[in-house]
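K.L.:
Dumping the structure here so I can ask a few things about it.
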Amino acid sequence: MTEDTTTLTGRSLPPVRDWPTPDLDGTAFDPVLADLMREGPLHRIRLPFGEGWAWLATRYEDVRAITNDPRFGRAEVTRRQVTRIAPHFKPRPGSLAFADQPDHNRLRKAVAGAFTVGAMKRLRPRAQELLDGLVDGVVRDGPPADLIARVLEPFPITLVSEVMGVPEEDRERVHSWTREIISTSGGVEGADRAKQGLYGWITETIRARAEGGAEDVYGLLGAAVAGGEVAEEEAIGLAGPLQIGGEAVTHNCGQMLFLLLTRPELMSRWRQDVPGRGQLIEELLRFVPHRSSVGLARIALEDVELHGTTIRAGDPVYVSYLAANRDPGVFPDPDLIDPDRTVNPHLAFGNGPHFCTGAVLAKLQTELLLTTLLDRLPGLRLAVPSDRVEWRKKTMIRGPRTLPCAW
């Protein structure tokens, strides 16, 4: 559905395109987004929840420009009900996702030490140990096995919990809260209950770590609050999205494994070209449709001209990283998975100041998961026909719900 509108000021605008964000099976690219990309670089869209409409930019260079431009801010979004995919929207103070400069750098500094390249190198042996224990259990029990339930879900959640500093006895309930928060199936009430549970637990944990001197994230945040570097409500808002981040790795890797298990040429390339595995992972990161629709909006803080159109101050604006990663002007044959794609400046982890804080951790987990599973289970294959793999429904992060495999 579309509608033509003209503003009260006489500004002629392109039609508003409804984007219902349907449930999609497999790694299919969203057909609405594909249509928008073909039609032009800038559109007006309306998503299932929130109010009004928003601009959508789909071209790679426009996405990079907007995400690096301080004339587009995130903080203002917290004060408005912008059209959105999520049925629930109650951002907390301190969330990096909604912070503009200089607050963004101040907040990010409080947790940055836990996610550096050096920290990930130190974490790697422990990560491999955790993963090996999970795969040992799969090997011991024998096929078939649902790799989502047995490995792809528990590994990232456990590792993120270790980085964050979640005690082992609390991990299952923390995971149940994060899983509910990223789902859209439980509606506003279910998400609110999960958020109350998670953020109440985070508040207690940060208070308890104020003087512990731990190097995990909750320890760093407790010390930052005690030292006056961040307010307690900011520390709580910082921690929540980081805690939820493990869910994305599960479903991204689920998509990658599905592609490798259903495309023999990719699996052959993985096994034969060991030095090229890193390059193939980057190509899979570019290709997989890791989310439904779009992420978080920005608000134009002043009038901005783009492709001959004036985006007015106050207009909400979305960018699509998925569309940018399929821009044929940057990625030749963008709908093909090309393991030989040596120039691959994909935006799978975002761009600009809001580039994913946990990107190095996510890459570490992805590499370990794919390498360990495929090396230790050399005959790995789907235990059901590919069209019978179940995919997640009503979710903001796409991926297989189950991945039954044999070997």
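We name chains A, B, ... following the order of the structure tokens; residues begin at 1 in each chain, and ligands are numbered from 1 as shown.
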So which residues touch segment 212-216 of chain A within 6 Å, counting only C-alpha atoms, skipping near sequence neighbours fewer than 5 positions away, as a PDB file with N, CA, C and O atoms, in the first residue's frame?

P.N.:
ATOM      1  N   VAL A 163      32.049 -12.640  29.493  1.00  0.00           N
ATOM      2  CA  VAL A 163      32.592 -11.305  29.242  1.00  0.00           C
ATOM      3  C   VAL A 163      31.871 -10.272  30.112  1.00  0.00           C
ATOM      4  O   VAL A 163      32.488  -9.363  30.666  1.00  0.00           O
ATOM      5  N   MET A 164      30.559 -10.432  30.235  1.00  0.00           N
ATOM      6  CA  MET A 164      29.775  -9.487  31.022  1.00  0.00           C
ATOM      7  C   MET A 164      29.988  -9.684  32.523  1.00  0.00           C
ATOM      8  O   MET A 164      29.930  -8.719  33.293  1.00  0.00           O
ATOM      9  N   GLY A 165      30.211 -10.942  32.938  1.00  0.00           N
ATOM     10  CA  GLY A 165      30.349 -11.231  34.360  1.00  0.00           C
ATOM     11  C   GLY A 165      29.070 -11.734  34.990  1.00  0.00           C
ATOM     12  O   GLY A 165      28.795 -11.456  36.161  1.00  0.00           O
TER      13      GLY A 165
END

K.L.:
Give me the segment 180-284 of chain A side of the contact with segment 18-33 of chain A, cut-off 12 Å, one line per residue showing its nearest atom pair and distance in Å at one decimal, counting only C-alpha atoms, sorted by chain and residue number, as CSV.

P.N.:
residue,atom,partner,partner_atom,distance
A:Thr184,CA,A:Asp23,CA,11.2
A:Ser185,CA,A:Asp23,CA,11.5
A:His251,CA,A:Thr27,CA,11.2
A:Asn252,CA,A:Thr27,CA,10.3
A:Cys253,CA,A:Thr27,CA,11.9
A:Gly254,CA,A:Gly26,CA,10.2
A:Gln255,CA,A:Thr27,CA,6.8
A:Met256,CA,A:Thr27,CA,9.1
A:Leu257,CA,A:Thr27,CA,11.1
A:Phe258,CA,A:Gly26,CA,8.3
A:Leu259,CA,A:Thr27,CA,8.1
A:Leu260,CA,A:Thr27,CA,11.8
A:Thr262,CA,A:Gly26,CA,10.7
A:Leu284,CA,A:Thr27,CA,11.0

K.L.:
Please identify which residues in segment 155-395 of chain A DSSP calls alpha helix (DSSP H) from the backbone, and express them as a PyMOL selection string.

P.N.:
chain A and resi 155-164+171-182+187-208+217-226+232-244+246-262+264-272+277-287+321-324+359-376

K.L.:
Separation of atom CA of His104 of chain A and atom CA of Ala226 of chain A, in Å?

P.N.:
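Between these atoms lies a distance of 19.4 Å.
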
K.L.:
So which one's closest to Phe155 of chain A, A:Leu96, A:Asn105, A:Thr366, A:Leu306? Using only C-alpha atoms, please.

P.N.:
A:Thr366

K.L.:
Applying 10 Å and only C-alpha atoms, which residues near Gly137 of chain A remain after dropping the ones on its own chain fewer than 5 positions away? List them as number ranges by chain.

P.N.:
A: 132, 142, 150-151

K.L.:
Next, write the just-selected residues to a file, as a short mmCIF file (atom, residue, chain, number, x, y, z; two decimals), in the first residue's frame, keeping N, CA, C and O atoms as the atom set.

P.N.:
data_model
loop_
_atom_site.label_atom_id
_atom_site.label_comp_id
_atom_site.auth_asym_id
_atom_site.auth_seq_id
_atom_site.Cartn_x
_atom_site.Cartn_y
_atom_site.Cartn_z
N ASP A 132 34.49 -26.48 22.84
CA ASP A 132 34.87 -27.90 22.76
C ASP A 132 34.02 -28.75 23.69
O ASP A 132 33.63 -29.88 23.35
N GLY A 142 25.90 -38.57 19.77
CA GLY A 142 25.69 -39.06 18.41
C GLY A 142 24.55 -38.36 17.69
O GLY A 142 23.77 -37.63 18.29
N ARG A 150 22.02 -27.24 20.81
CA ARG A 150 23.17 -27.90 21.46
C ARG A 150 24.42 -27.04 21.45
O ARG A 150 25.24 -27.14 22.37
N VAL A 151 24.61 -26.18 20.42
CA VAL A 151 25.87 -25.45 20.30
C VAL A 151 25.66 -23.96 20.00
O VAL A 151 26.17 -23.10 20.72
#

K.L.:
Name the closest residue to Glu172 of chain A among the candidates A:Leu107, A:Glu153, A:Ala297, A:Gly190; distances are taken between atoms, counting only C-alpha atoms.

P.N.:
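Once distances to Glu172 of chain A are computed over only C-alpha atoms, the minimum belongs to A:Glu153.
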
K.L.:
With only C-alpha atoms as the counted atoms, please give the residues lying no more than 12 Å from Glu162 of chain A, apart from itself and same-chain residues fewer than 5 positions off, as a list in words.

P.N.:
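The neighbour list is Ala114, Leu123, Arg126, Ala127, Leu130, Phe155, Pro156, Ile157, Pro167, Glu168, Asp170, Arg171, Ala214, Glu215, Asp216, Val217, Tyr218, Gly219, Gln243, Gly246 and Leu361 of chain A.
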
K.L.:
Do you know which residues are at most 10 Å from Val360 of chain A counting only C-alpha atoms, after dropping those on the same chain fewer than 4 positions away, and could you put them as a list in words?

P.N.:
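Here the answer would be Phe115, Thr116, Val117, Gly118, Ala119, Met120, Lys121, Phe349, Cys356, Leu364, Gln365 and Thr366 of chain A.
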
K.L.:
Next, write the just-selected residues to a file, as a PDB file, in the first residue's frame, keeping N, CA, C and O atoms as the atom set.

P.N.:
ATOM      1  N   PHE A 115      36.270  -5.223  25.199  1.00  0.00           N
ATOM      2  CA  PHE A 115      36.008  -5.683  23.835  1.00  0.00           C
ATOM      3  C   PHE A 115      37.144  -5.363  22.854  1.00  0.00           C
ATOM      4  O   PHE A 115      36.936  -5.379  21.648  1.00  0.00           O
ATOM      5  N   THR A 116      38.322  -5.103  23.357  1.00  0.00           N
ATOM      6  CA  THR A 116      39.451  -4.801  22.479  1.00  0.00           C
ATOM      7  C   THR A 116      39.977  -6.074  21.810  1.00  0.00           C
ATOM      8  O   THR A 116      39.674  -7.196  22.237  1.00  0.00           O
ATOM      9  N   VAL A 117      40.793  -5.888  20.779  1.00  0.00           N
ATOM     10  CA  VAL A 117      41.423  -7.027  20.116  1.00  0.00           C
ATOM     11  C   VAL A 117      42.268  -7.816  21.115  1.00  0.00           C
ATOM     12  O   VAL A 117      42.251  -9.051  21.131  1.00  0.00           O
ATOM     13  N   GLY A 118      43.005  -7.100  21.973  1.00  0.00           N
ATOM     14  CA  GLY A 118      43.827  -7.776  22.980  1.00  0.00           C
ATOM     15  C   GLY A 118      42.994  -8.586  23.953  1.00  0.00           C
ATOM     16  O   GLY A 118      43.354  -9.721  24.307  1.00  0.00           O
ATOM     17  N   ALA A 119      41.872  -8.027  24.383  1.00  0.00           N
ATOM     18  CA  ALA A 119      40.993  -8.754  25.300  1.00  0.00           C
ATOM     19  C   ALA A 119      40.433 -10.010  24.646  1.00  0.00           C
ATOM     20  O   ALA A 119      40.299 -11.059  25.284  1.00  0.00           O
ATOM     21  N   MET A 120      40.130  -9.919  23.354  1.00  0.00           N
ATOM     22  CA  MET A 120      39.590 -11.082  22.652  1.00  0.00           C
ATOM     23  C   MET A 120      40.665 -12.159  22.467  1.00  0.00           C
ATOM     24  O   MET A 120      40.367 -13.352  22.517  1.00  0.00           O
ATOM     25  N   LYS A 121      41.898 -11.756  22.263  1.00  0.00           N
ATOM     26  CA  LYS A 121      42.982 -12.746  22.177  1.00  0.00           C
ATOM     27  C   LYS A 121      43.136 -13.498  23.489  1.00  0.00           C
ATOM     28  O   LYS A 121      43.354 -14.711  23.514  1.00  0.00           O
ATOM     29  N   PHE A 349      28.346  -4.883  10.551  1.00  0.00           N
ATOM     30  CA  PHE A 349      28.411  -4.448  11.942  1.00  0.00           C
ATOM     31  C   PHE A 349      28.117  -2.960  12.100  1.00  0.00           C
ATOM     32  O   PHE A 349      28.414  -2.363  13.133  1.00  0.00           O
ATOM     33  N   CYS A 356      29.221  -1.542  15.794  1.00  0.00           N
ATOM     34  CA  CYS A 356      28.941  -2.494  16.872  1.00  0.00           C
ATOM     35  C   CYS A 356      30.096  -2.603  17.875  1.00  0.00           C
ATOM     36  O   CYS A 356      31.227  -2.927  17.505  1.00  0.00           O
ATOM     37  N   LEU A 364      35.080 -13.355  16.540  1.00  0.00           N
ATOM     38  CA  LEU A 364      35.774 -14.460  17.204  1.00  0.00           C
ATOM     39  C   LEU A 364      34.828 -15.652  17.346  1.00  0.00           C
ATOM     40  O   LEU A 364      35.193 -16.799  17.012  1.00  0.00           O
ATOM     41  N   GLN A 365      33.622 -15.408  17.818  1.00  0.00           N
ATOM     42  CA  GLN A 365      32.669 -16.496  18.017  1.00  0.00           C
ATOM     43  C   GLN A 365      32.289 -17.162  16.695  1.00  0.00           C
ATOM     44  O   GLN A 365      32.180 -18.392  16.615  1.00  0.00           O
ATOM     45  N   THR A 366      32.082 -16.354  15.666  1.00  0.00           N
ATOM     46  CA  THR A 366      31.700 -16.891  14.365  1.00  0.00           C
ATOM     47  C   THR A 366      32.783 -17.799  13.813  1.00  0.00           C
ATOM     48  O   THR A 366      32.513 -18.915  13.346  1.00  0.00           O
TER      49      THR A 366
END

K.L.:
Which value, in Å to one decimal, gives the distance between atom CA of Asn325 of chain A and atom CA of Ala57 of chain A?

P.N.:
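So the two atoms, atom CA of Asn325 of chain A and atom CA of Ala57 of chain A, lie 12.5 Å apart.
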
K.L.:
Skipping near chain neighbours, those fewer than 4 positions away, what residues fall within 6 Å of Phe49 of chain A using only C-alpha atoms, listed as a compact mmCIF listing (two decimals) with all heavy atoms, in the first residue's frame?

P.N.:
# COMPACT_ATOMS: atom_id res chain seq x y z
N THR A 83 7.86 5.60 13.53
CA THR A 83 7.45 4.33 12.93
C THR A 83 8.58 3.31 13.06
O THR A 83 9.75 3.63 12.85
CB THR A 83 7.05 4.54 11.45
OG1 THR A 83 6.52 3.31 10.93
CG2 THR A 83 8.22 5.00 10.58
N ARG A 84 8.25 2.07 13.42
CA ARG A 84 9.29 1.11 13.78
C ARG A 84 8.77 -0.31 13.62
O ARG A 84 7.56 -0.54 13.50
CB ARG A 84 9.75 1.33 15.23
CG ARG A 84 8.64 1.10 16.23
CD ARG A 84 9.06 1.41 17.66
NE ARG A 84 8.04 0.99 18.60
CZ ARG A 84 7.04 1.75 19.02
NH1 ARG A 84 6.95 2.99 18.59
NH2 ARG A 84 6.14 1.27 19.87
N ILE A 85 9.68 -1.29 13.68
CA ILE A 85 9.31 -2.71 13.60
C ILE A 85 8.93 -3.27 14.96
O ILE A 85 8.12 -4.19 15.05
CB ILE A 85 10.47 -3.53 12.98
CG1 ILE A 85 10.05 -5.00 12.82
CG2 ILE A 85 11.73 -3.41 13.77
CD1 ILE A 85 11.09 -5.86 12.15
N PRO A 87 7.17 -3.75 18.54
CA PRO A 87 5.93 -3.33 19.17
C PRO A 87 6.16 -2.54 20.45
O PRO A 87 5.29 -1.81 20.90
CB PRO A 87 5.21 -4.65 19.47
CG PRO A 87 6.30 -5.66 19.57
CD PRO A 87 7.36 -5.22 18.60

K.L.:
Fewer than 5 positions away in the same chain doesn't count, so skip those; otherwise give me all residues within 10 Å of Ala324 of chain A, counting only C-alpha atoms, as a ChimeraX atom specification.

P.N.:
/A:37,57-64,286,319,329-331,334,346-348

K.L.:
For the selection you just gave me, I'd like the residues written to a file as a CSV table (one decimal), in the first residue's frame, keeping all heavy atoms.

P.N.:
chain,number,residue,atom,x,y,z
A,37,MET,N,15.0,-0.9,-3.4
A,37,MET,CA,16.4,-0.7,-4.0
A,37,MET,C,16.3,-0.4,-5.5
A,37,MET,O,17.1,0.4,-6.0
A,37,MET,CB,17.2,-1.9,-3.6
A,37,MET,CG,17.6,-2.0,-2.2
A,37,MET,SD,18.4,-3.6,-1.8
A,37,MET,CE,19.9,-3.5,-2.7
A,57,ALA,N,17.1,5.3,3.4
A,57,ALA,CA,18.2,5.3,2.4
A,57,ALA,C,18.8,3.9,2.2
A,57,ALA,O,19.0,3.2,3.2
A,57,ALA,CB,19.3,6.2,3.0
A,58,THR,N,19.0,3.5,1.0
A,58,THR,CA,19.4,2.2,0.6
A,58,THR,C,20.7,2.1,0.0
A,58,THR,O,21.3,1.0,-0.1
A,58,THR,CB,18.3,1.5,-0.3
A,58,THR,OG1,18.2,2.2,-1.5
A,58,THR,CG2,17.0,1.4,0.4
A,59,ARG,N,21.3,3.2,-0.6
A,59,ARG,CA,22.5,3.1,-1.3
A,59,ARG,C,23.7,3.1,-0.3
A,59,ARG,O,23.7,3.8,0.7
A,59,ARG,CB,22.6,4.2,-2.3
A,59,ARG,CG,21.6,4.3,-3.4
A,59,ARG,CD,21.8,3.3,-4.5
A,59,ARG,NE,20.6,3.1,-5.4
A,59,ARG,CZ,20.4,4.0,-6.4
A,59,ARG,NH1,21.1,5.0,-6.6
A,59,ARG,NH2,19.3,3.8,-7.1
A,60,TYR,N,24.7,2.4,-0.7
A,60,TYR,CA,25.9,2.2,0.2
A,60,TYR,C,26.5,3.6,0.6
A,60,TYR,O,26.7,3.8,1.8
A,60,TYR,CB,26.9,1.4,-0.6
A,60,TYR,CG,28.2,1.1,0.2
A,60,TYR,CD1,28.3,-0.1,1.0
A,60,TYR,CD2,29.3,1.9,0.2
A,60,TYR,CE1,29.4,-0.4,1.7
A,60,TYR,CE2,30.4,1.6,0.9
A,60,TYR,CZ,30.5,0.4,1.7
A,60,TYR,OH,31.6,0.2,2.4
A,61,GLU,N,26.8,4.4,-0.4
A,61,GLU,CA,27.4,5.7,0.0
A,61,GLU,C,26.5,6.6,0.8
A,61,GLU,O,27.0,7.3,1.7
A,61,GLU,CB,27.9,6.4,-1.3
A,61,GLU,CG,29.0,5.7,-2.0
A,61,GLU,CD,30.3,5.5,-1.1
A,61,GLU,OE1,30.5,6.3,-0.2
A,61,GLU,OE2,31.0,4.5,-1.3
A,62,ASP,N,25.2,6.5,0.6
A,62,ASP,CA,24.3,7.3,1.4
A,62,ASP,C,24.2,6.8,2.8
A,62,ASP,O,24.2,7.6,3.8
A,62,ASP,CB,22.9,7.3,0.8
A,62,ASP,CG,22.8,8.0,-0.6
A,62,ASP,OD1,23.7,8.9,-0.8
A,62,ASP,OD2,21.9,7.6,-1.4
A,63,VAL,N,24.2,5.5,2.9
A,63,VAL,CA,24.2,4.9,4.3
A,63,VAL,C,25.5,5.3,5.1
A,63,VAL,O,25.4,5.7,6.2
A,63,VAL,CB,24.1,3.3,4.2
A,63,VAL,CG1,24.3,2.7,5.5
A,63,VAL,CG2,22.7,2.9,3.6
A,64,ARG,N,26.6,5.2,4.4
A,64,ARG,CA,27.8,5.6,5.1
A,64,ARG,C,27.8,7.1,5.5
A,64,ARG,O,28.2,7.5,6.5
A,64,ARG,CB,29.0,5.3,4.2
A,64,ARG,CG,29.4,3.8,4.1
A,64,ARG,CD,30.7,3.6,3.5
A,64,ARG,NE,31.8,4.2,4.3
A,64,ARG,CZ,33.0,4.4,4.0
A,64,ARG,NH1,33.4,4.0,2.8
A,64,ARG,NH2,33.9,5.0,4.7
A,286,ARG,N,28.5,-10.4,4.8
A,286,ARG,CA,27.9,-9.4,3.8
A,286,ARG,C,26.6,-9.9,3.3
A,286,ARG,O,25.6,-9.2,3.2
A,286,ARG,CB,28.8,-9.2,2.7
A,286,ARG,CG,28.3,-8.2,1.6
A,286,ARG,CD,29.0,-8.3,0.3
A,286,ARG,NE,28.7,-9.5,-0.4
A,286,ARG,CZ,27.6,-9.7,-1.2
A,286,ARG,NH1,26.7,-8.8,-1.3
A,286,ARG,NH2,27.5,-10.9,-1.8
A,319,VAL,N,18.5,3.9,7.7
A,319,VAL,CA,19.4,3.4,6.7
A,319,VAL,C,19.3,1.9,6.7
A,319,VAL,O,18.9,1.3,7.8
A,319,VAL,CB,20.8,3.8,7.0
A,319,VAL,CG1,21.0,5.3,7.0
A,319,VAL,CG2,21.4,3.2,8.3
A,329,GLY,N,26.7,-1.2,-7.1
A,329,GLY,CA,27.8,-0.2,-7.4
A,329,GLY,C,29.0,-0.5,-6.6
A,329,GLY,O,30.1,0.0,-6.9
A,330,VAL,N,28.9,-1.2,-5.5
A,330,VAL,CA,30.1,-1.5,-4.6
A,330,VAL,C,30.4,-3.0,-4.7
A,330,VAL,O,31.6,-3.3,-4.6
A,330,VAL,CB,29.7,-1.1,-3.2
A,330,VAL,CG1,30.9,-1.4,-2.2
A,330,VAL,CG2,29.4,0.4,-3.1
A,331,PHE,N,29.4,-3.8,-4.8
A,331,PHE,CA,29.6,-5.3,-4.7
A,331,PHE,C,29.1,-5.9,-6.1
A,331,PHE,O,27.9,-6.1,-6.2
A,331,PHE,CB,28.9,-5.9,-3.6
A,331,PHE,CG,29.3,-5.3,-2.2
A,331,PHE,CD1,28.4,-4.4,-1.6
A,331,PHE,CD2,30.4,-5.6,-1.6
A,331,PHE,CE1,28.7,-3.8,-0.4
A,331,PHE,CE2,30.8,-5.1,-0.4
A,331,PHE,CZ,29.9,-4.1,0.2
A,334,PRO,N,25.9,-8.7,-6.5
A,334,PRO,CA,25.7,-8.7,-5.0
A,334,PRO,C,24.9,-9.8,-4.4
A,334,PRO,O,25.0,-10.2,-3.3
A,334,PRO,CB,25.1,-7.3,-4.7
A,334,PRO,CG,24.4,-7.0,-6.0
A,334,PRO,CD,25.2,-7.6,-7.1
A,346,HIS,N,31.9,-4.5,3.7
A,346,HIS,CA,30.6,-4.6,4.1
A,346,HIS,C,30.3,-3.9,5.4
A,346,HIS,O,31.2,-3.5,6.1
A,346,HIS,CB,30.2,-6.1,4.2
A,346,HIS,CG,30.9,-6.8,5.4
A,346,HIS,ND1,30.6,-6.6,6.7
A,346,HIS,CD2,31.9,-7.7,5.3
A,346,HIS,CE1,31.4,-7.3,7.4
A,346,HIS,NE2,32.2,-8.0,6.7
A,347,LEU,N,29.0,-3.7,5.6
A,347,LEU,CA,28.5,-2.9,6.8
A,347,LEU,C,27.7,-3.8,7.7
A,347,LEU,O,26.8,-3.3,8.4
A,347,LEU,CB,27.7,-1.7,6.3
A,347,LEU,CG,28.4,-0.7,5.3
A,347,LEU,CD1,27.4,0.4,5.0
A,347,LEU,CD2,29.7,-0.2,5.9
A,348,ALA,N,28.1,-5.1,7.8
A,348,ALA,CA,27.3,-6.0,8.6
A,348,ALA,C,27.3,-5.6,10.1
A,348,ALA,O,26.4,-5.9,10.8
A,348,ALA,CB,27.9,-7.4,8.5
